[in-house]
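S.K.: My file is start28.txt. It has compact mmCIF, C-alpha atoms and all ligand atoms:
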# COMPACT_ATOMS: atom_id res chain seq x y z
CA ARG A 1 93.19 82.02 81.87
CA GLN A 2 93.80 79.26 84.39
CA LEU A 3 91.41 80.86 86.81
CA ARG A 4 88.79 81.28 84.09
CA SER A 5 88.82 77.58 83.29
CA GLN A 6 88.57 76.78 86.99
CA VAL A 7 85.77 79.19 87.52
CA ALA A 8 83.89 77.97 84.45
CA CYS A 9 82.97 74.83 86.40
CA ARG A 10 81.96 76.72 89.50
CA GLY A 11 80.08 79.80 88.49
CA ASP A 12 80.64 83.17 87.05
CA ILE A 13 83.87 85.13 87.46
CA GLU A 14 81.81 88.29 87.39
CA THR A 15 80.08 87.13 90.57
CA TRP A 16 83.48 86.75 92.20
CA ASN A 17 84.55 90.20 91.04
CA ALA A 18 81.36 91.64 92.51
CA SER A 19 81.90 89.86 95.84
CA PHE A 20 85.50 91.06 96.13
CA LEU A 21 84.49 94.60 95.18
CA ALA A 22 81.72 94.59 97.78
CA ILE A 23 84.26 93.67 100.47
CA TYR A 24 86.66 96.34 99.20
CA GLU A 25 83.92 98.98 99.33
CA SER A 26 82.94 98.00 102.85
CA LEU A 27 86.55 98.72 103.92
CA ILE A 28 86.77 102.28 102.55
CA PRO A 29 86.69 104.89 105.35
CA ALA A 30 83.80 107.37 105.37
CA GLU A 31 84.51 110.94 104.22
CA GLU A 32 83.73 112.33 107.67
CA GLU A 33 86.80 110.55 109.04
CA LYS A 34 88.99 112.74 106.85
CA ALA A 35 87.32 115.83 108.29
CA LYS A 36 87.98 114.64 111.84
CA GLN A 37 91.62 113.94 111.02
CA LYS A 38 91.94 117.46 109.61
CA GLN A 39 90.40 118.88 112.79
CA LEU A 40 92.96 117.08 114.97
CA LEU A 41 95.82 118.09 112.70
CA THR A 42 94.77 121.74 112.94
CA LEU A 43 94.80 121.52 116.74
CA LEU A 44 98.29 119.95 116.69
CA GLU A 45 99.56 122.63 114.30
CA ARG A 46 98.35 125.34 116.62
CA VAL A 47 100.19 123.79 119.58
CA VAL A 48 103.43 123.07 117.71
CA CYS A 49 103.57 126.50 116.16
CA LYS A 50 103.71 128.18 119.59
CA GLU A 51 107.02 126.55 120.44
CA TRP A 52 108.53 125.97 117.00
CA PRO A 53 107.16 128.56 114.54
CA GLU A 54 109.23 127.11 111.67
CA ALA A 55 108.17 123.52 112.22
CA ARG A 56 105.71 121.70 109.97
CA LEU A 57 103.46 118.70 110.39
CA PHE A 58 103.00 116.02 107.72
CA LEU A 59 100.72 113.01 107.70
CA TYR A 60 102.22 109.68 106.74
CA GLY A 61 101.25 106.02 106.76
CA SER A 62 97.76 104.73 106.20
CA CYS A 63 96.01 108.04 106.94
CA ALA A 64 97.78 109.57 103.93
CA ASN A 65 98.81 106.79 101.53
CA SER A 66 95.24 105.90 100.35
CA PHE A 67 95.48 102.42 101.85
CA GLY A 68 93.91 103.26 105.22
CA PHE A 69 91.07 101.34 106.81
CA PRO A 70 88.34 102.99 108.86
CA LYS A 71 89.50 104.15 112.30
CA SER A 72 93.22 104.00 111.49
CA ASP A 73 95.50 105.89 113.79
CA LEU A 74 96.83 109.21 112.62
CA ASP A 75 100.59 109.04 111.93
CA VAL A 76 102.11 112.52 112.06
CA CYS A 77 105.66 113.62 111.41
CA LEU A 78 106.93 116.86 112.93
CA THR A 79 109.75 118.33 110.85
CA ILE A 80 112.18 120.81 112.34
CA ASP A 81 114.92 122.04 110.08
CA ASP A 82 117.72 122.04 112.63
CA ALA A 83 120.48 119.43 112.68
CA GLU A 84 121.23 120.21 116.32
CA ILE A 85 117.90 119.25 117.82
CA ASN A 86 117.64 116.36 120.20
CA LYS A 87 114.57 114.30 119.29
CA SER A 88 113.93 113.17 122.84
CA ASP A 89 113.96 116.75 124.14
CA VAL A 90 111.52 117.81 121.43
CA LEU A 91 109.18 114.90 122.17
CA LEU A 92 109.25 115.51 125.93
CA ARG A 93 108.52 119.22 125.45
CA LEU A 94 105.77 118.42 122.95
CA ALA A 95 104.17 115.92 125.34
CA ASP A 96 104.16 118.59 128.06
CA MET A 97 102.42 121.08 125.81
CA LEU A 98 99.85 118.55 124.58
CA GLN A 99 99.06 117.54 128.13
CA SER A 100 97.68 120.98 128.83
CA GLU A 101 95.28 120.74 125.86
CA ASN A 102 92.15 118.63 125.98
CA LEU A 103 93.98 115.45 124.94
CA GLN A 104 94.19 112.10 126.69
CA ASN A 105 96.84 109.42 127.29
CA VAL A 106 99.68 111.69 126.21
CA GLN A 107 102.90 109.73 126.46
CA ALA A 108 106.43 110.32 125.12
CA LEU A 109 108.11 107.05 124.09
CA THR A 110 111.64 108.32 123.64
CA ARG A 111 113.34 104.91 123.69
CA ALA A 112 111.27 103.29 120.92
CA ARG A 113 112.93 102.34 117.60
CA VAL A 114 111.06 105.30 116.15
CA PRO A 115 110.63 107.67 119.14
CA ILE A 116 107.11 109.14 119.31
CA VAL A 117 104.52 110.97 121.36
CA LYS A 118 101.22 109.06 121.58
CA LEU A 119 97.89 110.63 122.34
CA MET A 120 94.13 110.22 122.05
CA ASP A 121 91.81 113.05 121.12
CA PRO A 122 88.50 112.59 122.93
CA THR A 123 86.69 115.07 120.64
CA THR A 124 87.27 113.06 117.47
CA GLY A 125 88.05 109.68 119.05
CA ILE A 126 91.28 109.50 116.99
CA SER A 127 94.54 108.09 118.37
CA CYS A 128 97.69 109.65 117.05
CA ASP A 129 101.45 109.02 117.00
CA ILE A 130 103.82 111.94 116.37
CA CYS A 131 107.43 111.35 115.35
CA VAL A 132 110.20 113.85 114.59
CA ASN A 133 112.01 114.33 111.26
CA ASN A 134 111.09 110.93 109.83
CA VAL A 135 110.97 112.44 106.35
CA LEU A 136 111.61 109.18 104.46
CA ALA A 137 108.30 107.86 105.77
CA VAL A 138 106.56 110.98 104.46
CA VAL A 139 108.17 110.50 101.05
CA ASN A 140 107.41 106.77 100.80
CA THR A 141 103.82 107.60 101.77
CA LYS A 142 103.66 109.98 98.80
CA LEU A 143 105.08 107.28 96.49
CA LEU A 144 102.36 104.83 97.55
CA ARG A 145 99.66 107.46 97.18
CA ASP A 146 100.91 108.36 93.70
CA TYR A 147 100.88 104.71 92.59
CA ALA A 148 97.33 104.35 93.93
CA GLN A 149 96.11 107.11 91.61
CA ILE A 150 97.28 105.38 88.45
CA ASP A 151 94.95 102.39 88.51
CA THR A 152 92.16 101.68 91.00
CA ARG A 153 92.97 97.99 90.94
CA LEU A 154 96.00 98.67 93.15
CA ARG A 155 93.83 100.11 95.91
CA GLN A 156 91.34 97.24 95.52
CA LEU A 157 94.03 94.56 95.63
CA ALA A 158 95.96 96.14 98.52
CA PHE A 159 92.80 96.59 100.63
CA LEU A 160 91.88 92.94 100.12
CA VAL A 161 95.43 91.74 100.84
CA LYS A 162 95.63 93.91 104.00
CA HIS A 163 92.20 92.68 105.09
CA TRP A 164 93.32 89.08 104.51
CA ALA A 165 96.60 89.67 106.41
CA LYS A 166 94.83 91.27 109.39
CA SER A 167 92.16 88.52 109.48
CA ARG A 168 94.77 85.78 109.29
CA GLY A 169 97.14 87.33 111.84
CA VAL A 170 100.04 87.86 109.44
CA ASN A 171 100.26 91.67 109.71
CA GLU A 172 102.20 91.72 112.99
CA THR A 173 105.83 92.80 112.62
CA TYR A 174 106.57 92.12 116.29
CA GLN A 175 105.56 88.49 115.67
CA GLY A 176 107.76 88.21 112.60
CA THR A 177 105.15 88.76 109.90
CA LEU A 178 104.92 91.69 107.48
CA SER A 179 103.91 95.35 107.84
CA SER A 180 101.09 96.88 105.83
CA TYR A 181 103.74 98.91 104.04
CA ALA A 182 105.44 95.69 102.90
CA TYR A 183 102.15 94.22 101.65
CA VAL A 184 101.38 97.33 99.61
CA LEU A 185 104.86 97.14 98.01
CA MET A 186 104.19 93.47 97.19
CA CYS A 187 100.96 94.52 95.44
CA ILE A 188 102.67 97.30 93.47
CA HIS A 189 105.40 94.93 92.36
CA PHE A 190 102.84 92.32 91.34
CA LEU A 191 100.91 94.83 89.19
CA GLN A 192 104.15 96.11 87.58
CA HIS A 193 104.68 92.50 86.46
CA ARG A 194 101.28 91.65 84.95
CA ARG A 195 101.33 91.33 81.18
CA PRO A 196 100.27 93.82 79.95
CA ALA A 197 101.56 95.77 82.96
CA ILE A 198 98.94 97.46 85.15
CA LEU A 199 101.44 99.81 86.85
CA PRO A 200 104.62 101.47 85.53
CA CYS A 201 107.86 101.80 87.47
CA LEU A 202 107.78 105.46 88.57
CA GLN A 203 111.40 105.46 89.77
CA GLY A 204 112.51 104.19 86.35
CA MET A 205 111.02 107.20 84.56
CA LYS A 206 112.31 110.77 84.12
CA PRO A 207 111.97 112.37 87.57
CA THR A 208 109.50 115.21 88.06
CA TYR A 209 109.89 115.10 91.84
CA SER A 210 113.21 115.08 93.57
CA ILE A 211 114.33 115.37 97.16
CA THR A 212 117.34 114.13 99.10
CA VAL A 213 116.59 112.85 102.58
CA ASP A 214 119.34 111.67 104.94
CA ASP A 215 121.65 111.32 101.90
CA VAL A 216 119.10 109.12 100.14
CA ASP A 217 118.05 110.26 96.68
CA CYS A 218 114.26 110.05 96.42
CA SER A 219 113.38 111.05 92.89
CA TYR A 220 110.68 109.70 90.61
CA PHE A 221 108.03 110.62 88.08
CA ASP A 222 105.10 111.95 90.10
CA GLN A 223 102.88 113.51 87.41
CA VAL A 224 100.60 110.52 87.69
CA GLU A 225 97.61 112.38 86.25
CA ASN A 226 99.37 111.79 82.91
CA LEU A 227 99.39 108.02 83.46
CA LEU A 228 95.73 107.40 84.14
CA GLY A 229 95.19 105.06 81.16
CA PHE A 230 98.43 103.18 81.76
CA GLY A 231 96.91 99.81 82.68
CA SER A 232 93.95 99.93 80.29
CA HIS A 233 95.36 97.26 77.95
CA ASN A 234 95.06 94.82 80.78
CA ARG A 235 91.41 93.98 81.43
CA GLU A 236 91.90 91.66 84.38
CA GLY A 237 89.35 92.05 87.14
CA ILE A 238 90.00 91.97 90.85
CA ALA A 239 89.19 88.24 91.28
CA GLN A 240 91.83 87.33 88.71
CA LEU A 241 94.37 89.61 90.42
CA VAL A 242 93.72 88.34 93.94
CA TRP A 243 94.14 84.80 92.62
CA GLY A 244 97.34 85.75 90.76
CA PHE A 245 98.80 87.50 93.80
CA PHE A 246 98.38 84.54 96.14
CA ASN A 247 99.39 82.07 93.46
CA TYR A 248 102.62 84.03 92.96
CA TRP A 249 103.53 84.12 96.67
CA ALA A 250 102.44 80.51 97.21
CA TYR A 251 104.06 78.78 94.25
CA ARG A 252 106.00 81.07 91.93
CA HIS A 253 108.21 83.32 94.02
CA ASP A 254 111.76 82.01 94.35
CA TYR A 255 112.35 82.54 98.07
CA ALA A 256 115.91 81.23 97.89
CA ASN A 257 117.19 83.70 95.30
CA ASP A 258 114.86 86.60 94.58
CA VAL A 259 114.33 90.10 95.90
CA ILE A 260 111.29 92.05 94.75
CA SER A 261 112.08 95.64 93.87
CA VAL A 262 109.44 98.29 93.16
CA ARG A 263 112.30 100.78 92.62
CA THR A 264 113.56 98.97 89.51
CA GLY A 265 110.28 97.27 88.57
CA THR A 266 112.22 94.00 88.38
CA ILE A 267 113.32 91.03 90.44
CA LEU A 268 116.86 91.43 91.80
CA SER A 269 119.06 88.64 93.07
CA LYS A 270 119.80 88.15 96.75
CA ARG A 271 123.42 87.55 95.76
CA ALA A 272 123.74 90.95 94.10
CA LYS A 273 122.41 92.62 97.26
CA ASP A 274 124.50 90.45 99.55
CA TRP A 275 121.34 89.27 101.26
CA THR A 276 122.26 85.59 101.17
CA ARG A 277 123.11 85.03 104.79
CA ARG A 278 121.92 86.05 108.19
CA ILE A 279 123.55 89.24 109.44
CA GLY A 280 122.55 90.06 113.02
CA ASN A 281 118.82 89.59 113.13
CA ASP A 282 118.30 90.10 109.39
CA ARG A 283 117.70 86.67 107.90
CA HIS A 284 116.37 87.69 104.46
CA LEU A 285 113.94 84.77 104.22
CA ILE A 286 111.56 86.85 102.11
CA CYS A 287 113.11 89.87 100.45
CA ILE A 288 111.27 93.12 99.76
CA GLU A 289 113.55 96.05 98.93
CA ASP A 290 112.52 99.44 100.31
CA PRO A 291 112.08 101.78 97.31
CA PHE A 292 114.36 104.46 98.80
CA GLU A 293 116.44 102.92 101.57
CA ILE A 294 117.70 100.21 99.29
CA SER A 295 119.82 98.45 101.91
CA HIS A 296 116.63 97.96 103.87
CA ASP A 297 114.80 94.64 103.48
CA LEU A 298 111.20 94.90 104.68
CA GLY A 299 111.23 91.14 105.10
CA ARG A 300 113.96 91.38 107.72
CA VAL A 301 111.47 90.92 110.56
CA VAL A 302 110.63 87.43 109.26
CA ASP A 303 112.29 84.51 111.05
CA LYS A 304 112.44 80.73 110.61
CA ARG A 305 109.11 80.18 112.32
CA SER A 306 107.17 83.07 110.80
CA ILE A 307 108.30 82.35 107.22
CA ARG A 308 106.55 78.98 107.58
CA VAL A 309 103.41 80.65 108.88
CA LEU A 310 103.47 83.17 106.04
CA ARG A 311 104.03 80.63 103.28
CA GLU A 312 101.34 78.34 104.65
CA GLU A 313 98.94 81.26 104.66
CA PHE A 314 99.81 82.16 101.06
CA GLU A 315 99.21 78.53 100.08
CA ARG A 316 95.97 78.35 102.03
CA ALA A 317 94.73 81.49 100.25
CA ALA A 318 95.78 80.20 96.81
CA GLU A 319 94.06 76.84 97.45
CA ILE A 320 90.84 78.47 98.59
CA ILE A 321 90.63 80.63 95.48
CA GLN A 322 91.48 77.65 93.31
CA HIS A 323 88.95 75.21 94.78
CA ASP A 324 86.37 76.85 97.00
CA PRO A 325 83.02 77.61 95.36
CA ASN A 326 82.65 80.75 97.46
CA PRO A 327 86.22 81.88 98.25
CA CYS A 328 85.33 85.29 99.70
CA VAL A 329 84.07 83.77 102.92
CA LYS A 330 86.85 81.36 103.77
CA LEU A 331 89.70 83.54 102.55
CA PHE A 332 89.04 86.17 105.23
CA GLU A 333 88.04 83.81 108.02
CA PRO A 334 89.64 84.87 111.32
CA TYR A 335 92.50 82.58 112.29
P1 LIG A 401 97.96 100.12 108.92
O1 LIG A 401 96.62 100.31 108.27
O2 LIG A 401 98.24 98.67 109.17
O3 LIG A 401 98.21 101.01 110.11
P2 LIG A 401 100.05 101.69 107.58
O4 LIG A 401 99.94 102.12 106.15
O5 LIG A 401 99.99 102.78 108.60
O6 LIG A 401 99.00 100.54 107.81
P3 LIG A 401 102.51 100.72 108.61
O7 LIG A 401 103.15 99.47 108.14
O8 LIG A 401 101.97 100.86 110.00
O9 LIG A 401 101.37 100.95 107.59
O10 LIG A 401 103.52 101.88 108.30
C1 LIG A 401 103.23 103.26 108.45
C2 LIG A 401 104.18 104.05 107.58
O11 LIG A 401 105.46 103.99 108.17
C3 LIG A 401 104.33 103.50 106.17
O12 LIG A 401 103.40 104.06 105.28
C4 LIG A 401 105.72 103.91 105.84
O13 LIG A 401 105.70 105.24 105.39
C5 LIG A 401 106.43 103.85 107.16
N1 LIG A 401 107.10 102.54 107.37
C6 LIG A 401 106.61 101.48 108.02
N2 LIG A 401 107.50 100.48 108.09
C7 LIG A 401 108.58 100.94 107.47
C8 LIG A 401 109.85 100.40 107.24
N3 LIG A 401 110.19 99.19 107.67
N4 LIG A 401 110.73 101.16 106.57
C9 LIG A 401 110.42 102.38 106.15
N5 LIG A 401 109.24 102.97 106.36
C10 LIG A 401 108.34 102.25 107.01
MG MG A 402 99.76 102.73 110.78
Let me see the file written as structure tokens.
Ligand code: ATP
Ligand code: MG

M.R.:
Amino acid sequence: RQLRSQVACRGDIETWNASFLAIYESLIPAEEEKAKQKQLLTLLERVVCKEWPEARLFLYGSCANSFGFPKSDLDVCLTIDDAEINKSDVLLRLADMLQSENLQNVQALTRARVPIVKLMDPTTGISCDICVNNVLAVVNTKLLRDYAQIDTRLRQLAFLVKHWAKSRGVNETYQGTLSSYAYVLMCIHFLQHRRPAILPCLQGMKPTYSITVDDVDCSYFDQVENLLGFGSHNREGIAQLVWGFFNYWAYRHDYANDVISVRTGTILSKRAKDWTRRIGNDRHLICIEDPFEISHDLGRVVDKRSIRVLREEFERAAEIIQHDPNPCVKLFEPY
């Protein structure tokens, strides 16, 4: 309503919706990219199967969660059902085997936080990271993909927020800003909280999917084809939602006390989670609870300097949408 009255003086909200949708559509990867990804995955499966016949490969991250941009890397998880395996040994052996295929820049990074093999496939031009037994990432990828099927406005909003974050340089975890995964969770949480709600809380419903990974219970309602009309009582368009999202993170979120939680579909208190003080490097200056690893704050990478950068960027975005006659240009201006 506030945006409507603002926009009334400046033009037509439908024009804004159309401009945002045009940007969203320009960011959707072409179908042929999927085919190339499949081709590379098939090659990898053939190689892996020679050494570990029981092993399986799963895609995770932006190539599988429906929030991928064109030319994203392929994130692959190799699962081996054997508690005894040594991840470094597996990665080193895998790198050896891949080296003898027609693949380039094969490198095993066994000391990384998440150890991986990196490679580039010259046939498809796709770069790929392979990790071992990182099943939680595969499951949280499925959760995001399932949410995306319920209402297309999630995919629209998350694409625009990711595009904004990449353009403005605030999608760099090693510089203390947030991961794409964190931004998508922020979008889901925001849409769970619109009135009427645009998204349900899948983990608050009777589970139809259930798996335990590393002692973490990952169950939720995944029959999302039964929820397709869920958000239809809310008629807000994408311009209204982009405005609401930035307005929330600029002016309404209580950074001192609140934790956003997609798992419960509510706001939790930092006090209840014992996230009120700095422990090690975790400062909890912006708190985003992981839906499964609930002791894990996706805002933990944010420090005293980067929280300022982030909040200034949220405010800049909110101001542009509030006052600029043509917000789509300035909002995504490279920093
Ligand atoms: P981009 O388009 O920027 O590459 P992405 O969807 O691949 O986006 P990333 O933030 O690179 O997003 O994360 C890749 C995947 O790794 C996520 O989808 C998620 O499954 C997992 N992941 C990333 N960060 C975390 C984290 N801090 N905790 C748990 N899982 C994570
Ligand atoms: Mg990625």

S.K.: I'd like the neighbourhood of Asn281 in chain A as a ChimeraX atom specification, where a residue qualifies if any of its atoms comes within 9 Å (using only C-alpha atoms), though same-chain residues fewer than 6 positions away should be ignored.

M.R.: /A:300-301,303

S.K.: Using C-alpha atoms, can you write the selected residues to a file as a compact mmCIF listing (two decimals), in the coordinates of the input?

M.R.:
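Output file selection32.txt is given in full below:
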# COMPACT_ATOMS: atom_id res chain seq x y z
CA ARG A 300 113.96 91.38 107.72
CA VAL A 301 111.47 90.92 110.56
CA ASP A 303 112.29 84.51 111.05

S.K.: Produce a table with one row for each residue of range 39-142 of chain A that has an atom at most 12 Å from any atom of range 153-173 of chain A, each row naming the nearest atom pair and its distance in Å at one decimal; use only C-alpha atoms; arrange rows by chain and rising residue number; format as JSON lines.

M.R.:
{"residue": "A:Ser62", "atom": "CA", "partner": "A:Phe159", "partner_atom": "CA", "distance": 11.0}
{"residue": "A:Asn65", "atom": "CA", "partner": "A:Arg155", "partner_atom": "CA", "distance": 10.1}
{"residue": "A:Ser66", "atom": "CA", "partner": "A:Arg155", "partner_atom": "CA", "distance": 7.4}
{"residue": "A:Phe67", "atom": "CA", "partner": "A:Phe159", "partner_atom": "CA", "distance": 6.5}
{"residue": "A:Gly68", "atom": "CA", "partner": "A:Phe159", "partner_atom": "CA", "distance": 8.2}
{"residue": "A:Phe69", "atom": "CA", "partner": "A:Phe159", "partner_atom": "CA", "distance": 8.0}
{"residue": "A:Pro70", "atom": "CA", "partner": "A:Phe159", "partner_atom": "CA", "distance": 11.3}

S.K.: Around all of range 107-112 of chain A's listed atoms, make the axis-aligned box with 5 Å on each side and tell me centre and edge lengths in Å to one decimal, as lines of an AutoDock Vina configuration file.

M.R.:
center_x = 108.1
center_y = 106.8
center_z = 123.7
size_x = 20.4
size_y = 17.0
size_z = 15.5

S.K.: Please tabulate, as CSV, the residues of chain A that come within 10 Å of ligand LIG 401 (chain A), each with its closest pair of atoms and the distance in Å to one decimal, counting only C-alpha atoms and all ligand atoms and ordering rows by chain, then residue number upward.

M.R.:
residue,atom,partner,partner_atom,distance
A:Leu59,CA,A:LIG401,O13,9.5
A:Tyr60,CA,A:LIG401,O13,5.8
A:Gly61,CA,A:LIG401,O12,3.3
A:Ser62,CA,A:LIG401,O4,3.4
A:Cys63,CA,A:LIG401,O5,6.8
A:Ala64,CA,A:LIG401,O12,8.0
A:Asn65,CA,A:LIG401,O12,6.5
A:Ser66,CA,A:LIG401,O4,8.4
A:Phe67,CA,A:LIG401,O4,6.2
A:Gly68,CA,A:LIG401,O1,5.0
A:Phe69,CA,A:LIG401,O1,5.8
A:Pro70,CA,A:LIG401,O1,8.7
A:Lys71,CA,A:LIG401,O1,9.0
A:Ser72,CA,A:LIG401,O1,6.0
A:Asp73,CA,A:LIG401,O3,6.7
A:Leu74,CA,A:LIG401,O5,8.2
A:Asp75,CA,A:LIG401,O5,7.1
A:Val76,CA,A:LIG401,C2,9.8
A:Val114,CA,A:LIG401,O11,9.8
A:Asn134,CA,A:LIG401,N5,8.9
A:Val135,CA,A:LIG401,O13,9.0
A:Leu136,CA,A:LIG401,N5,6.9
A:Ala137,CA,A:LIG401,O13,3.7
A:Val138,CA,A:LIG401,O13,5.9
A:Val139,CA,A:LIG401,O13,7.3
A:Asn140,CA,A:LIG401,O13,5.1
A:Thr141,CA,A:LIG401,O13,4.7
A:Lys142,CA,A:LIG401,O13,8.4
A:Leu143,CA,A:LIG401,O13,9.2
A:Leu144,CA,A:LIG401,O12,7.8
A:Arg145,CA,A:LIG401,O12,9.5
A:Phe159,CA,A:LIG401,O1,9.3
A:Lys162,CA,A:LIG401,O2,7.5
A:His163,CA,A:LIG401,O1,9.4
A:Ala165,CA,A:LIG401,O2,9.6
A:Lys166,CA,A:LIG401,O2,8.2
A:Asn171,CA,A:LIG401,O2,7.3
A:Glu172,CA,A:LIG401,O2,8.9
A:Thr173,CA,A:LIG401,O7,8.5
A:Leu178,CA,A:LIG401,O7,8.0
A:Ser179,CA,A:LIG401,O7,4.2
A:Ser180,CA,A:LIG401,O7,4.0
A:Tyr181,CA,A:LIG401,O7,4.2
A:Ala182,CA,A:LIG401,O7,6.9
A:Tyr183,CA,A:LIG401,O7,8.4
A:Val184,CA,A:LIG401,O4,8.2
A:Glu289,CA,A:LIG401,N4,9.6
A:Asp290,CA,A:LIG401,N4,6.7
A:Pro291,CA,A:LIG401,C9,9.0
A:Phe292,CA,A:LIG401,C9,8.6
A:Glu293,CA,A:LIG401,C9,7.6
A:His296,CA,A:LIG401,N4,7.2
A:Asp297,CA,A:LIG401,N3,7.7
A:Leu298,CA,A:LIG401,N3,5.3
A:Gly299,CA,A:LIG401,N3,8.5
A:Arg300,CA,A:LIG401,N3,8.7
A:Val301,CA,A:LIG401,N3,8.9

S.K.: Residues as selected, C-alpha atoms, written as a CSV table (one decimal), keeping the file's coordinate frame, can you do that?

M.R.:
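Ended up saving to part23.csv:
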chain,number,residue,atom,x,y,z
A,59,LEU,CA,100.7,113.0,107.7
A,60,TYR,CA,102.2,109.7,106.7
A,61,GLY,CA,101.2,106.0,106.8
A,62,SER,CA,97.8,104.7,106.2
A,63,CYS,CA,96.0,108.0,106.9
A,64,ALA,CA,97.8,109.6,103.9
A,65,ASN,CA,98.8,106.8,101.5
A,66,SER,CA,95.2,105.9,100.4
A,67,PHE,CA,95.5,102.4,101.8
A,68,GLY,CA,93.9,103.3,105.2
A,69,PHE,CA,91.1,101.3,106.8
A,70,PRO,CA,88.3,103.0,108.9
A,71,LYS,CA,89.5,104.2,112.3
A,72,SER,CA,93.2,104.0,111.5
A,73,ASP,CA,95.5,105.9,113.8
A,74,LEU,CA,96.8,109.2,112.6
A,75,ASP,CA,100.6,109.0,111.9
A,76,VAL,CA,102.1,112.5,112.1
A,114,VAL,CA,111.1,105.3,116.2
A,134,ASN,CA,111.1,110.9,109.8
A,135,VAL,CA,111.0,112.4,106.4
A,136,LEU,CA,111.6,109.2,104.5
A,137,ALA,CA,108.3,107.9,105.8
A,138,VAL,CA,106.6,111.0,104.5
A,139,VAL,CA,108.2,110.5,101.0
A,140,ASN,CA,107.4,106.8,100.8
A,141,THR,CA,103.8,107.6,101.8
A,142,LYS,CA,103.7,110.0,98.8
A,143,LEU,CA,105.1,107.3,96.5
A,144,LEU,CA,102.4,104.8,97.6
A,145,ARG,CA,99.7,107.5,97.2
A,159,PHE,CA,92.8,96.6,100.6
A,162,LYS,CA,95.6,93.9,104.0
A,163,HIS,CA,92.2,92.7,105.1
A,165,ALA,CA,96.6,89.7,106.4
A,166,LYS,CA,94.8,91.3,109.4
A,171,ASN,CA,100.3,91.7,109.7
A,172,GLU,CA,102.2,91.7,113.0
A,173,THR,CA,105.8,92.8,112.6
A,178,LEU,CA,104.9,91.7,107.5
A,179,SER,CA,103.9,95.4,107.8
A,180,SER,CA,101.1,96.9,105.8
A,181,TYR,CA,103.7,98.9,104.0
A,182,ALA,CA,105.4,95.7,102.9
A,183,TYR,CA,102.2,94.2,101.6
A,184,VAL,CA,101.4,97.3,99.6
A,289,GLU,CA,113.6,96.0,98.9
A,290,ASP,CA,112.5,99.4,100.3
A,291,PRO,CA,112.1,101.8,97.3
A,292,PHE,CA,114.4,104.5,98.8
A,293,GLU,CA,116.4,102.9,101.6
A,296,HIS,CA,116.6,98.0,103.9
A,297,ASP,CA,114.8,94.6,103.5
A,298,LEU,CA,111.2,94.9,104.7
A,299,GLY,CA,111.2,91.1,105.1
A,300,ARG,CA,114.0,91.4,107.7
A,301,VAL,CA,111.5,90.9,110.6

S.K.: With distances taken over all atoms listed in the file, which residue among A:Val329, A:Leu228, A:Ile267, A:Ile238 lies nearest Asp254 in chain A?

M.R.: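 Between A:Val329, A:Leu228, A:Ile267, A:Ile238, the residue approaching Asp254 in chain A most closely is A:Ile267.
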
S.K.: Between CA of Asn234 in chain A and CA of Gly265 in chain A, what is the distance, to one decimal in Å?

M.R.: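 If I compute the distance from CA of Asn234 in chain A to CA of Gly265 in chain A, I get 17.3 Å.
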
S.K.: If we count only C-alpha atoms and set the cut-off at 10 Å, which residues sit around range 189-194 of chain A, ignoring sequence neighbours fewer than 3 positions away in its own chain? Please answer as a compact mmCIF listing (two decimals) with C-alpha atoms, in the coordinates of the input.

M.R.:
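Once everything was written out, this is part.txt:
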# COMPACT_ATOMS: atom_id res chain seq x y z
CA ASP A 151 94.95 102.39 88.51
CA ARG A 153 92.97 97.99 90.94
CA LEU A 154 96.00 98.67 93.15
CA LEU A 157 94.03 94.56 95.63
CA TYR A 183 102.15 94.22 101.65
CA VAL A 184 101.38 97.33 99.61
CA LEU A 185 104.86 97.14 98.01
CA MET A 186 104.19 93.47 97.19
CA ALA A 197 101.56 95.77 82.96
CA ILE A 198 98.94 97.46 85.15
CA LEU A 199 101.44 99.81 86.85
CA PRO A 200 104.62 101.47 85.53
CA CYS A 201 107.86 101.80 87.47
CA GLY A 231 96.91 99.81 82.68
CA ASN A 234 95.06 94.82 80.78
CA GLU A 236 91.90 91.66 84.38
CA LEU A 241 94.37 89.61 90.42
CA GLY A 244 97.34 85.75 90.76
CA PHE A 245 98.80 87.50 93.80
CA TYR A 248 102.62 84.03 92.96
CA TRP A 249 103.53 84.12 96.67
CA ILE A 260 111.29 92.05 94.75
CA SER A 261 112.08 95.64 93.87
CA VAL A 262 109.44 98.29 93.16
CA ARG A 263 112.30 100.78 92.62
CA THR A 264 113.56 98.97 89.51
CA GLY A 265 110.28 97.27 88.57
CA THR A 266 112.22 94.00 88.38
CA ILE A 267 113.32 91.03 90.44
CA ILE A 288 111.27 93.12 99.76

S.K.: Given the choices A:Ile279, A:Cys128, A:Ala318, A:Val224, which gets closest to ligand MG 402 (chain A) if the distance is worked out from only C-alpha atoms and all ligand atoms?

M.R.: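 Smallest separation from ligand MG 402 (chain A) among the options: A:Cys128.
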
S.K.: Which one is closest to ligand MG 402 (chain A): A:Ile307, A:Tyr147, A:Asp129, A:Leu92? Count all atoms listed in the file.

M.R.: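 Ranked by minimum distance to ligand MG 402 (chain A), first place goes to A:Asp129.
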
S.K.: Pick from A:Lys50, A:Thr177, A:Ser127, A:Gln39: nearest to ligand MG 402 (chain A), with only C-alpha atoms and all ligand atoms counted?

M.R.: A:Ser127

S.K.: What separation in Å, quoted to one decimal, exists between CA of Arg195 in chain A and CA of Ser219 in chain A?

M.R.: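 Answer for the CA of Arg195 in chain A to CA of Ser219 in chain A separation: 25.9 Å.
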
S.K.: For each of A:Phe314, A:Glu54, A:Ile130, A:Val106, take the minimum atom-to-atom distance to ligand MG 402 (chain A), counting all atoms listed in the file, then give the residue where this is smallest.

M.R.: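 Result for the nearest residue to ligand MG 402 (chain A): A:Ile130.
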